[in-house]
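> Shown below is the structure under consideration.
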Amino acid sequence: MRGVNAETQRVTPAPGPVPQGFVARRLLVPGGILAAVAGAFAYVGAVDPNEPGHYPACPLLQYAGVYCPGCGGLRSAHAVAHGDLVAALGANAVAVVGYLVFAVVWTVWVIRTVQGRPPLRIDPRPSVLWGLGALLLVFTVVRNLPFGGWLHP
C-alpha cells in the first residue's frame with residue numbers, strides 16, 4: 001500500500017521487504033555510530049578514569065569547585081563497561097539515563113532501517129528541551145548543595 005504525504009505531496013513507498021544488499025548498505029551509518037560508541041566505551045573501560053593523569057580534569061570543578069552535570073560521566077562509563085550499574089549510577093545518574101536513551105533510540109533506528117521504514121526523526125518540542133534543561137539545572141544545583149552529597153561523583 002502506498003501513501004501520499006500531505007505536506008510534500010510525494011508518494012511514499014509501502015514498507016516491506018528490502019533487498020539484502022540494500023539493507024546492509026543502509027546499516028552502515030548506524031553500525032558506524034555503534035562502532036564509535038563501543039570503541040569509546042572500550043577505551044574508557046580499559047583506561048580507568050579513577051586513576052589521576054589519564055584524562056583532563058573538569059575545568060568547572062578544578063577552578064570553581066562546582067560539579068557540572070557531566071562530572072563523573074567518565075567514571076560512570078567505566079563502571080558501565082565493567083557491568084557495575086550501581087557504581088555507574090553513583091558516579092553520574094544522568095549519564096546512565098543518557099546511555100539508556102541512546103541505546104533505545106539506536107535500536108529503534110536499526111529496526112526501522114531493517115524494516116525499510118522511513119528514518120527515525122526526532123524533533124522535540126521547545127517545551128521538552130526546556131524541561132530537559134531545567135532537569136539538568138536542578139540536578140546540577142542539588143549535587144552541589146550540602147544535602148546533595150549523594151549525587152557527587
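If you're wondering about the labels, chains in the C-alpha cells are A, B, ... by order shown, residues count from 1 in each chain, ligands from 1 in order shown.
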Compile the contact shell of A:Val80 as a list in words: residues with an atom at most 10 Å away, counting only C-alpha atoms, same-chain residues fewer than 6 positions apart removed.
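Selected residues are Phe41, Val44, Gly45, Leu74, Val86, Ala87, Ala88, Leu89, Val96 and Tyr99 of chain A.
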> For the residues selected in the previous step, produce a file with all heavy atoms as a compact mmCIF listing (two decimals), in the first residue's frame.

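Contents of selection_16.txt, freshly written:
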# COMPACT_ATOMS: atom_id res chain seq x y z
N PHE A 41 33.62 3.42 24.71
CA PHE A 41 33.39 2.70 25.97
C PHE A 41 34.51 1.71 26.25
O PHE A 41 34.91 1.53 27.40
CB PHE A 41 32.02 2.00 25.95
CG PHE A 41 30.92 2.83 26.53
CD1 PHE A 41 30.26 3.77 25.75
CD2 PHE A 41 30.55 2.69 27.84
CE1 PHE A 41 29.25 4.54 26.28
CE2 PHE A 41 29.53 3.46 28.40
CZ PHE A 41 28.88 4.39 27.61
N VAL A 44 37.47 3.80 27.56
CA VAL A 44 37.23 4.24 28.94
C VAL A 44 37.20 3.05 29.88
O VAL A 44 37.64 3.15 31.03
CB VAL A 44 35.93 5.08 29.03
CG1 VAL A 44 35.58 5.39 30.47
CG2 VAL A 44 36.07 6.37 28.24
N GLY A 45 36.75 1.91 29.40
CA GLY A 45 36.77 0.70 30.23
C GLY A 45 38.18 0.20 30.48
O GLY A 45 38.47 -0.36 31.53
N LEU A 74 32.75 10.02 32.90
CA LEU A 74 33.74 9.01 32.51
C LEU A 74 33.78 7.87 33.50
O LEU A 74 33.89 6.70 33.12
CB LEU A 74 35.12 9.64 32.37
CG LEU A 74 35.36 10.50 31.13
CD1 LEU A 74 36.72 11.17 31.20
CD2 LEU A 74 35.24 9.67 29.87
N VAL A 86 25.40 -0.09 39.69
CA VAL A 86 25.27 0.67 40.93
C VAL A 86 26.36 1.75 41.00
O VAL A 86 26.07 2.92 41.31
CB VAL A 86 25.31 -0.25 42.16
CG1 VAL A 86 25.33 0.56 43.44
CG2 VAL A 86 24.13 -1.21 42.14
N ALA A 87 27.59 1.39 40.69
CA ALA A 87 28.68 2.37 40.69
C ALA A 87 28.46 3.41 39.60
O ALA A 87 28.77 4.59 39.79
CB ALA A 87 30.02 1.68 40.49
N ALA A 88 27.93 2.99 38.46
CA ALA A 88 27.66 3.93 37.36
C ALA A 88 26.62 4.97 37.78
O ALA A 88 26.78 6.16 37.53
CB ALA A 88 27.19 3.18 36.13
N LEU A 89 25.55 4.51 38.43
CA LEU A 89 24.53 5.44 38.90
C LEU A 89 25.08 6.37 39.97
O LEU A 89 24.72 7.55 40.02
CB LEU A 89 23.33 4.67 39.44
CG LEU A 89 22.44 4.02 38.39
CD1 LEU A 89 21.48 3.03 39.03
CD2 LEU A 89 21.70 5.06 37.59
N VAL A 96 23.96 7.79 32.98
CA VAL A 96 23.43 6.44 32.79
C VAL A 96 22.09 6.51 32.06
O VAL A 96 21.83 5.71 31.15
CB VAL A 96 23.29 5.70 34.14
CG1 VAL A 96 22.60 4.35 33.96
CG2 VAL A 96 24.65 5.52 34.79
N TYR A 99 22.90 7.06 28.47
CA TYR A 99 23.34 5.83 27.81
C TYR A 99 22.12 4.98 27.43
O TYR A 99 22.06 4.41 26.34
CB TYR A 99 24.27 4.99 28.69
CG TYR A 99 25.45 5.70 29.28
CD1 TYR A 99 25.96 5.33 30.51
CD2 TYR A 99 26.05 6.78 28.63
CE1 TYR A 99 27.05 5.96 31.06
CE2 TYR A 99 27.14 7.44 29.19
CZ TYR A 99 27.64 7.02 30.40
OH TYR A 99 28.70 7.66 30.97
> Would you mind writing down, as number ranges by chain, each residue of chain A that DSSP on the backbone assigns to helix (DSSP H, G or I)?
A: 20-26, 28-46, 59-64, 73-81, 85-91, 93-115, 126-143, 146-151
> Which is closest to A:Val37 among A:Val108, A:Leu151, A:Ala81, A:Val114, if we use only C-alpha atoms?
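Under the stated criterion, the closest residue is A:Ala81.
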> Using only C-alpha atoms for the distances, tell me which of A:Leu34, A:Val142, A:Val23, A:Leu61 is nearest to A:Val105.
A:Leu34
> Neighbours of stretch 145-148 of chain A within 10 Å (only C-alpha atoms; same-chain residues fewer than 5 positions away dropped), as a list in words?
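After dropping sequence-adjacent residues, the list is Val66, Phe139 and Thr140 of chain A.
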> Quote the spacing between atom CA of A:Ala95 and atom CA of A:Ala77 in Å to one decimal place.
8.0 Å
> List the neighbours of A:Cys68 out to 9 Å using only C-alpha atoms; skip same-chain residues closer than 4 positions along the sequence, and give me the result as a list in words.
Cys58, Leu60, Leu61, Gly72, Thr140, Val141, Arg143 and Asn144 of chain A
> Can you write out the residues you just picked, keeping N, CA and C atoms, as a compact mmCIF listing (two decimals), in the first residue's frame?

# COMPACT_ATOMS: atom_id res chain seq x y z
N CYS A 58 37.85 18.34 35.03
CA CYS A 58 36.75 19.24 34.67
C CYS A 58 37.16 20.66 35.07
N LEU A 60 35.41 23.36 35.45
CA LEU A 60 34.50 23.97 36.42
C LEU A 60 34.79 23.46 37.82
N LEU A 61 35.05 22.18 37.95
CA LEU A 61 35.38 21.61 39.25
C LEU A 61 36.77 22.07 39.71
N GLY A 72 31.80 13.09 36.54
CA GLY A 72 31.58 11.69 36.87
C GLY A 72 31.12 10.87 35.68
N THR A 140 22.22 19.70 38.68
CA THR A 140 23.49 20.39 38.96
C THR A 140 23.44 21.14 40.28
N VAL A 141 22.36 21.85 40.52
CA VAL A 141 22.25 22.63 41.77
C VAL A 141 22.19 21.69 42.97
N ARG A 143 23.26 18.59 43.31
CA ARG A 143 24.50 17.85 43.58
C ARG A 143 25.58 18.74 44.18
N ASN A 144 25.40 20.07 44.12
CA ASN A 144 26.38 20.99 44.70
C ASN A 144 25.95 21.56 46.05
> Which of these residues is nearest to A:Trp106, using only C-alpha atoms: A:Leu120, A:Leu85, A:Val138, A:Cys71?
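Result for the nearest residue to A:Trp106: A:Leu120.
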> Residues within 10 Å of A:Pro30, please, as a list in words. Count only C-alpha atoms; anything in the same chain fewer than 3 positions from it doesn't count.
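My list of contacting residues is Arg26, Leu27, Ile33, Leu34, Ala35, Ala36, Trp106, Thr107, Trp109, Val110 and Thr113 of chain A.
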> Could you tell me how far atom CA of A:Ala91 lies from atom CA of A:Gly73, in Å and to one decimal?
6.8 Å
> Calculated over only C-alpha atoms, which of the candidates A:Gly116, A:Gly98, A:Gly131, A:Gly90 has the smallest distance to A:Gly149?
A:Gly90
> Looking at only C-alpha atoms, which of A:Arg75, A:Ala42, A:His82, A:Pro69 is the one that sits closest to A:Tyr55?
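Ranking A:Arg75, A:Ala42, A:His82, A:Pro69 by distance to A:Tyr55, first place goes to A:Arg75.
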> So, with only C-alpha atoms as the atoms that count, which of A:His78, A:Arg117, A:His152, A:Arg125 lies closest to A:Asn92?
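Comparing A:His78, A:Arg117, A:His152, A:Arg125 against A:Asn92, the winner is A:His152.
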